[in-house]
$ cat run-v7.txt   # compact mmCIF, C-alpha atoms
# COMPACT_ATOMS: atom_id res chain seq x y z
CA GLY A 1 163.39 270.53 53.73
CA GLU A 2 167.13 270.22 54.18
CA ASN A 3 168.37 267.15 56.01
CA VAL A 4 171.96 266.53 57.10
CA GLU A 5 173.13 263.06 58.07
CA GLN A 6 176.39 262.67 60.01
CA HIS A 7 178.48 259.55 60.67
CA PRO A 8 179.82 258.11 62.85
CA SER A 9 178.07 259.16 66.04
CA THR A 10 181.16 258.30 68.09
CA LEU A 11 184.78 257.89 67.05
CA SER A 12 187.74 256.79 69.15
CA VAL A 13 191.27 257.15 67.79
CA GLN A 14 194.75 256.82 69.19
CA GLU A 15 196.73 260.01 69.59
CA GLY A 16 198.60 260.74 66.36
CA ASP A 17 196.13 258.85 64.16
CA SER A 18 193.74 260.49 61.70
CA ALA A 19 190.01 260.98 62.19
CA VAL A 20 187.40 261.26 59.44
CA ILE A 21 183.80 262.38 59.88
CA LYS A 22 181.34 262.22 57.00
CA CYS A 23 178.13 264.10 56.25
CA THR A 24 175.53 263.93 53.51
CA TYR A 25 172.94 266.56 52.65
CA SER A 26 169.65 266.33 50.83
CA ASP A 27 169.11 269.68 49.11
CA SER A 28 171.24 270.23 46.01
CA ALA A 29 170.78 273.99 46.46
CA SER A 30 172.97 273.93 49.58
CA ASN A 31 176.08 275.99 48.98
CA TYR A 32 177.81 276.51 52.33
CA PHE A 33 179.17 273.75 54.58
CA PRO A 34 180.71 274.69 57.94
CA TRP A 35 182.13 272.44 60.63
CA TYR A 36 181.82 273.29 64.31
CA LYS A 37 183.58 271.99 67.41
CA GLN A 38 181.79 271.97 70.75
CA GLU A 39 183.66 271.30 73.98
CA LEU A 40 181.76 270.12 77.02
CA GLY A 41 179.50 272.83 78.43
CA LYS A 42 180.54 275.38 75.83
CA ARG A 43 179.07 276.92 72.70
CA PRO A 44 179.82 275.54 69.21
CA GLN A 45 182.69 277.28 67.43
CA LEU A 46 183.61 277.23 63.75
CA ILE A 47 186.76 275.30 62.87
CA ILE A 48 186.59 275.26 59.07
CA ASP A 49 184.08 275.85 56.28
CA ILE A 50 183.80 275.26 52.55
CA ARG A 51 181.67 276.75 49.81
CA SER A 52 180.17 274.89 46.88
CA ASN A 53 182.60 276.33 44.33
CA VAL A 54 185.56 274.63 46.09
CA GLY A 55 186.32 270.91 46.34
CA GLU A 56 188.81 270.94 49.20
CA LYS A 57 190.11 273.29 51.87
CA LYS A 58 192.90 272.80 54.38
CA ASP A 59 193.92 274.60 57.55
CA GLN A 60 196.93 273.05 59.30
CA ARG A 61 195.80 269.64 60.63
CA ILE A 62 192.21 270.07 59.50
CA ALA A 63 190.83 269.60 55.99
CA VAL A 64 187.37 269.44 54.47
CA THR A 65 186.40 267.86 51.16
CA LEU A 66 183.17 268.37 49.23
CA ASN A 67 181.60 266.14 46.58
CA LYS A 68 178.65 268.06 45.13
CA THR A 69 177.60 265.26 42.80
CA ALA A 70 177.27 262.78 45.64
CA LYS A 71 176.09 265.50 48.06
CA HIS A 72 178.53 264.64 50.78
CA PHE A 73 181.37 266.37 52.58
CA SER A 74 183.95 265.17 55.08
CA LEU A 75 186.16 266.49 57.86
CA HIS A 76 189.68 265.13 58.14
CA ILE A 77 191.82 265.68 61.23
CA THR A 78 195.41 264.47 61.01
CA GLU A 79 197.89 263.86 63.85
CA THR A 80 195.12 263.95 66.42
CA GLN A 81 195.86 265.32 69.88
CA PRO A 82 193.98 264.92 73.19
CA GLU A 83 192.70 268.50 72.89
CA ASP A 84 190.88 267.48 69.68
CA SER A 85 188.47 265.48 71.87
CA ALA A 86 185.07 267.16 71.55
CA VAL A 87 181.77 266.94 69.68
CA TYR A 88 181.98 267.90 66.00
CA PHE A 89 179.00 269.10 63.98
CA CYS A 90 178.65 269.49 60.25
CA ALA A 91 176.07 271.84 58.80
CA ALA A 92 174.61 272.88 55.45
CA SER A 93 173.11 276.16 54.43
CA ILE A 94 170.72 276.78 51.58
CA ARG A 95 171.36 280.05 49.77
CA GLY A 96 172.98 281.46 52.88
CA ASN A 97 170.12 280.88 55.28
CA LYS A 98 168.43 278.10 57.23
CA LEU A 99 171.65 276.60 58.63
CA VAL A 100 170.86 272.95 59.44
CA PHE A 101 173.18 270.79 61.55
CA GLY A 102 174.02 267.11 61.60
CA ALA A 103 173.51 265.10 64.79
CA GLY A 104 177.14 265.38 65.86
CA THR A 105 180.15 263.08 66.32
CA ILE A 106 181.80 262.52 69.69
CA LEU A 107 185.53 262.28 69.03
CA ARG A 108 187.74 260.74 71.72
CA VAL A 109 191.49 260.88 71.27
CA LYS A 110 193.24 258.35 73.49
CA SER A 111 196.73 259.12 74.68
CA ASN B 1 182.53 293.44 70.68
CA ALA B 2 180.11 291.46 72.79
CA GLY B 3 179.08 289.22 69.85
CA VAL B 4 175.89 287.27 70.60
CA THR B 5 174.45 287.74 74.07
CA GLN B 6 171.77 285.49 75.52
CA THR B 7 169.85 285.92 78.74
CA PRO B 8 169.20 284.27 81.10
CA LYS B 9 171.94 281.62 81.40
CA PHE B 10 169.80 279.33 83.55
CA ARG B 11 166.09 279.13 84.26
CA ILE B 12 163.70 276.73 85.95
CA LEU B 13 160.08 276.94 84.84
CA LYS B 14 156.97 275.22 86.10
CA ILE B 15 154.73 273.42 83.63
CA GLY B 16 152.39 275.90 81.95
CA GLN B 17 154.48 278.98 82.71
CA SER B 18 155.69 281.31 79.99
CA MET B 19 159.01 282.99 79.40
CA THR B 20 161.07 284.82 76.80
CA LEU B 21 164.67 283.99 76.02
CA GLN B 22 166.50 287.11 74.93
CA CYS B 23 169.13 287.24 72.19
CA THR B 24 171.05 290.30 71.00
CA GLN B 25 173.89 290.61 68.53
CA ASP B 26 176.08 293.63 67.84
CA MET B 27 177.72 292.46 64.59
CA ASN B 28 175.01 293.82 62.26
CA HIS B 29 174.29 290.30 61.02
CA ASN B 30 171.22 289.76 58.85
CA TYR B 31 170.64 286.13 59.83
CA MET B 32 169.68 284.94 63.28
CA TYR B 33 168.79 281.46 64.52
CA TRP B 34 167.44 279.65 67.53
CA TYR B 35 168.52 276.07 68.22
CA ARG B 36 167.80 273.62 71.00
CA GLN B 37 170.26 270.97 72.10
CA ASP B 38 169.01 268.07 74.16
CA PRO B 39 171.58 266.17 76.31
CA GLY B 40 174.02 264.27 74.13
CA MET B 41 172.18 265.33 70.99
CA GLY B 42 172.66 267.65 68.07
CA LEU B 43 171.41 271.14 67.33
CA LYS B 44 167.81 271.33 66.17
CA LEU B 45 166.70 274.50 64.38
CA ILE B 46 163.61 276.04 65.99
CA TYR B 47 163.20 279.31 64.08
CA TYR B 48 165.36 281.53 61.96
CA SER B 49 165.26 285.02 60.49
CA VAL B 50 166.89 286.47 57.39
CA GLY B 51 166.31 290.07 58.41
CA ALA B 52 164.21 292.43 60.47
CA GLY B 53 160.51 291.67 60.09
CA ILE B 54 161.10 288.22 58.54
CA THR B 55 160.94 284.93 60.43
CA ASP B 56 160.51 281.31 59.38
CA LYS B 57 160.05 277.92 60.99
CA GLY B 58 162.86 275.47 61.38
CA GLU B 59 162.73 271.75 62.17
CA VAL B 60 161.05 271.92 65.61
CA PRO B 61 158.93 275.13 65.88
CA ASN B 62 155.96 273.76 67.85
CA GLY B 63 155.54 275.40 71.24
CA TYR B 64 157.69 278.42 70.38
CA ASN B 65 157.29 281.84 68.83
CA VAL B 66 159.76 284.48 67.67
CA SER B 67 159.83 288.05 66.47
CA ARG B 68 162.46 290.17 64.74
CA SER B 69 161.54 293.83 65.10
CA THR B 70 165.17 295.00 64.87
CA THR B 71 168.36 293.67 63.30
CA GLU B 72 169.93 293.23 66.73
CA ASP B 73 167.24 291.35 68.67
CA PHE B 74 165.64 287.94 68.16
CA PRO B 75 163.68 286.85 71.26
CA LEU B 76 162.26 283.33 71.61
CA ARG B 77 158.94 282.95 73.42
CA LEU B 78 157.67 279.83 75.20
CA GLU B 79 153.97 280.22 75.93
CA LEU B 80 153.02 277.08 77.86
CA ALA B 81 156.17 275.37 79.07
CA ALA B 82 156.23 271.57 78.92
CA PRO B 83 158.82 269.07 80.27
CA SER B 84 159.72 268.23 76.64
CA GLN B 85 161.10 271.76 76.32
CA THR B 86 163.81 271.06 78.88
CA SER B 87 166.96 271.70 76.88
CA VAL B 88 169.87 274.03 76.23
CA TYR B 89 168.92 276.83 73.86
CA PHE B 90 171.45 278.52 71.62
CA CYS B 91 170.98 281.70 69.65
CA ALA B 92 173.30 282.37 66.71
CA SER B 93 173.82 285.04 64.07
CA SER B 94 175.63 285.30 60.74
CA ASN B 95 175.71 286.97 57.38
CA SER B 96 175.06 285.00 54.20
CA ASN B 97 177.38 282.00 53.83
CA THR B 98 179.68 283.08 56.62
CA GLU B 99 180.51 281.89 60.11
CA ALA B 100 177.60 281.67 62.53
CA PHE B 101 178.48 282.98 65.99
CA PHE B 102 176.73 281.39 68.95
CA GLY B 103 175.64 282.82 72.25
CA GLN B 104 176.70 281.09 75.47
CA GLY B 105 173.42 279.20 75.72
CA THR B 106 170.43 279.12 78.09
CA ARG B 107 169.88 276.01 80.17
CA LEU B 108 166.13 275.62 80.69
CA THR B 109 164.50 273.08 82.96
CA VAL B 110 160.72 272.62 83.03
CA VAL B 111 159.38 270.85 86.11

$ encode --input "run-v7.txt" --output "structure tokens"
Amino acid sequence: GENVEQHPSTLSVQEGDSAVIKCTYSDSASNYFPWYKQELGKRPQLIIDIRSNVGEKKDQRIAVTLNKTAKHFSLHITETQPEDSAVYFCAASIRGNKLVFGAGTILRVKS
Amino acid sequence: NAGVTQTPKFRILKIGQSMTLQCTQDMNHNYMYWYRQDPGMGLKLIYYSVGAGITDKGEVPNGYNVSRSTTEDFPLRLELAAPSQTSVYFCASSNSNTEAFFGQGTRLTVV
């Protein structure tokens, strides 16, 4: 079945620095890769997603890159702010169903 | 729109008891999912459904059952509660290769 590996498990950065979180997936049929942010005690919420026909997508300070050959995708957050502190999850979906998540990355932005 | 609604928000069960976690969505989504999230951990897929009448196992289905008699509802059944099932349960829904919306979660404790 699909397996999604996520690294690092924790990440501390200084305010204003960039943060990068990486994920790899196992099933080459995966074609949808969302990223979710979960604040303490709350539900996960989508921050950005990318489909397999696109190599990169950007939304203000957040960008996602996809390398289908290597089967990995990454989240890039630039100019980090304290409110970016949260748990971030990557996920992969096979043919639009069976959405499988990575283990999560705790991001701490130090001010 | 209410989005994805889960009930109850909190529940304490004794070992061996049974219960059903309710999940309803009003977005006419085809796909629905149940995840569990242990403290400090990621989201593990329990069961998912691609449409009414169709369900399939995820990564951790043992000890759970689901049904999908309508597009809107996707209840999760625990038959013989065990301490290992203490967790936060999230229901989610989506259409193919689009954002998955999560319910607010159910915090279950088995004692």

$ axis_aligned_box --input "run-v7.txt" --around "segment 50-68 of chain A" --padding-each-side "6 Å" --output "JSON"
{"center_x": 187.8, "center_y": 271.4, "center_z": 52.5, "size_x": 30.3, "size_y": 22.6, "size_z": 28.3}

$ closest_atom_pairs --input "run-v7.txt" --of "segment 19-71 of chain B" --to "segment 77-93 of chain A" --cutoff "12 Å" --atoms "all atoms listed in the file" --output "CSV"
residue,atom,partner,partner_atom,distance
B:Tyr31,CA,A:Ser93,CA,11.6
B:Gly40,CA,A:Val87,CA,9.3
B:Met41,CA,A:Val87,CA,9.8
B:Gly42,CA,A:Phe89,CA,7.7
B:Leu43,CA,A:Phe89,CA,8.5
B:Lys44,CA,A:Ala91,CA,11.1
B:Leu45,CA,A:Ala91,CA,11.2

$ closest_residue --input "run-v7.txt" --among "A:Thr65, A:Asn97, A:Ser52, A:Ser18" --to "chain B" --atoms "only C-alpha atoms"
A:Asn97

$ residues_near_point --input "run-v7.txt" --point "(170.2, 274.0, 52.0)" --cutoff "6 Å" --atoms "all atoms listed in the file" --output "list of chain:residue names"
A:Glu2, A:Asp27, A:Ala29, A:Ser30, A:Ala92, A:Ser93, A:Ile94

$ write_last_selection --input "run-v7.txt" --atoms "C-alpha atoms" --output "CSV table (one decimal), in the coordinates of the input"
chain,number,residue,atom,x,y,z
A,2,GLU,CA,167.1,270.2,54.2
A,27,ASP,CA,169.1,269.7,49.1
A,29,ALA,CA,170.8,274.0,46.5
A,30,SER,CA,173.0,273.9,49.6
A,92,ALA,CA,174.6,272.9,55.4
A,93,SER,CA,173.1,276.2,54.4
A,94,ILE,CA,170.7,276.8,51.6

$ closest_residue --input "run-v7.txt" --among "A:Tyr32, A:Ala70, A:Thr10, A:Gly41" --to "Val100 of chain A" --atoms "all atoms listed in the file"
A:Tyr32

$ closest_atom_pairs --input "run-v7.txt" --of "chain B" --to "chain A" --cutoff "6 Å" --atoms "only C-alpha atoms" --output "tab-separated table"
residue	atom	partner	partner_atom	distance
B:Gly42	CA	A:Ala103	CA	4.2
B:Ser96	CA	A:Gly96	CA	4.3
B:Asn97	CA	A:Gly96	CA	4.5
B:Gln104	CA	A:Arg43	CA	5.5

$ residues_around --input "run-v7.txt" --residues "Val88 of chain B" --least-positions-apart "4" --cutoff "8 Å" --atoms "all atoms listed in the file" --output "list in words"
Arg36, Gln37, Asp38, Gly105, Thr106, Arg107 and Leu108 of chain B

$ atom_distance --input "run-v7.txt" --atom1 "atom CA of Gln25 of chain B" --atom2 "atom CA of Val4 of chain B"
4.4 Å

$ closest_residue --input "run-v7.txt" --among "A:Leu107, A:Val13, A:Leu40, A:Ala19" --to "Arg61 of chain A" --atoms "only C-alpha atoms"
A:Ala19

$ closest_residue --input "run-v7.txt" --among "A:Gln38, A:Ser111, A:Asn67, A:Gln60" --to "Ser12 of chain A" --atoms "all atoms listed in the file"
A:Ser111

$ closest_residue --input "run-v7.txt" --among "B:Thr20, B:Asn65, B:Asn30, B:Ser87" --to "Ala100 of chain B" --atoms "all atoms listed in the file"
B:Asn30

$ atom_distance --input "run-v7.txt" --atom1 "atom CA of Gly51 of chain B" --atom2 "atom CA of Cys23 of chain B"
14.3 Å

$ residues_near_point --input "run-v7.txt" --point "(161.2, 296.0, 62.5)" --cutoff "10 Å" --atoms "all atoms listed in the file" --output "ChimeraX atom specification"
/B:51-54,67-71,73

$ write_last_selection --input "run-v7.txt" --atoms "C-alpha atoms" --output "PDB file, keeping the file's coordinate frame"
ATOM      1  CA  GLY B  51     166.310 290.070  58.410  1.00  0.00           C
ATOM      2  CA  ALA B  52     164.210 292.430  60.470  1.00  0.00           C
ATOM      3  CA  GLY B  53     160.510 291.670  60.090  1.00  0.00           C
ATOM      4  CA  ILE B  54     161.100 288.220  58.540  1.00  0.00           C
ATOM      5  CA  SER B  67     159.830 288.050  66.470  1.00  0.00           C
ATOM      6  CA  ARG B  68     162.460 290.170  64.740  1.00  0.00           C
ATOM      7  CA  SER B  69     161.540 293.830  65.100  1.00  0.00           C
ATOM      8  CA  THR B  70     165.170 295.000  64.870  1.00  0.00           C
ATOM      9  CA  THR B  71     168.360 293.670  63.300  1.00  0.00           C
ATOM     10  CA  ASP B  73     167.240 291.350  68.670  1.00  0.00           C
TER      11      ASP B  73
END

$ atom_distance --input "run-v7.txt" --atom1 "atom CA of Glu59 of chain B" --atom2 "atom CA of Phe90 of chain B"
14.5 Å

$ residues_around --input "run-v7.txt" --residues "Leu76 of chain B" --least-positions-apart "2" --cutoff "12 Å" --atoms "all atoms listed in the file" --output "PDB file with C-alpha atoms, in the coordinates of the input"
ATOM      1  CA  GLN B   6     171.770 285.490  75.520  1.00  0.00           C
ATOM      2  CA  THR B   7     169.850 285.920  78.740  1.00  0.00           C
ATOM      3  CA  PRO B   8     169.200 284.270  81.100  1.00  0.00           C
ATOM      4  CA  SER B  18     155.690 281.310  79.990  1.00  0.00           C
ATOM      5  CA  MET B  19     159.010 282.990  79.400  1.00  0.00           C
ATOM      6  CA  THR B  20     161.070 284.820  76.800  1.00  0.00           C
ATOM      7  CA  LEU B  21     164.670 283.990  76.020  1.00  0.00           C
ATOM      8  CA  GLN B  22     166.500 287.110  74.930  1.00  0.00           C
ATOM      9  CA  CYS B  23     169.130 287.240  72.190  1.00  0.00           C
ATOM     10  CA  THR B  24     171.050 290.300  71.000  1.00  0.00           C
ATOM     11  CA  MET B  32     169.680 284.940  63.280  1.00  0.00           C
ATOM     12  CA  TYR B  33     168.790 281.460  64.520  1.00  0.00           C
ATOM     13  CA  TRP B  34     167.440 279.650  67.530  1.00  0.00           C
ATOM     14  CA  TYR B  35     168.520 276.070  68.220  1.00  0.00           C
ATOM     15  CA  ARG B  36     167.800 273.620  71.000  1.00  0.00           C
ATOM     16  CA  ILE B  46     163.610 276.040  65.990  1.00  0.00           C
ATOM     17  CA  TYR B  47     163.200 279.310  64.080  1.00  0.00           C
ATOM     18  CA  TYR B  48     165.360 281.530  61.960  1.00  0.00           C
ATOM     19  CA  SER B  49     165.260 285.020  60.490  1.00  0.00           C
ATOM     20  CA  THR B  55     160.940 284.930  60.430  1.00  0.00           C
ATOM     21  CA  PRO B  61     158.930 275.130  65.880  1.00  0.00           C
ATOM     22  CA  GLY B  63     155.540 275.400  71.240  1.00  0.00           C
ATOM     23  CA  TYR B  64     157.690 278.420  70.380  1.00  0.00           C
ATOM     24  CA  ASN B  65     157.290 281.840  68.830  1.00  0.00           C
ATOM     25  CA  VAL B  66     159.760 284.480  67.670  1.00  0.00           C
ATOM     26  CA  SER B  67     159.830 288.050  66.470  1.00  0.00           C
ATOM     27  CA  ARG B  68     162.460 290.170  64.740  1.00  0.00           C
ATOM     28  CA  ASP B  73     167.240 291.350  68.670  1.00  0.00           C
ATOM     29  CA  PHE B  74     165.640 287.940  68.160  1.00  0.00           C
ATOM     30  CA  LEU B  78     157.670 279.830  75.200  1.00  0.00           C
ATOM     31  CA  GLU B  79     153.970 280.220  75.930  1.00  0.00           C
ATOM     32  CA  TYR B  89     168.920 276.830  73.860  1.00  0.00           C
ATOM     33  CA  PHE B  90     171.450 278.520  71.620  1.00  0.00           C
ATOM     34  CA  CYS B  91     170.980 281.700  69.650  1.00  0.00           C
ATOM     35  CA  THR B 106     170.430 279.120  78.090  1.00  0.00           C
TER      36      THR B 106
END

$ closest_residue --input "run-v7.txt" --among "B:Glu99, B:His29, B:Phe10, B:Thr109" --to "Glu72 of chain B" --atoms "only C-alpha atoms"
B:His29
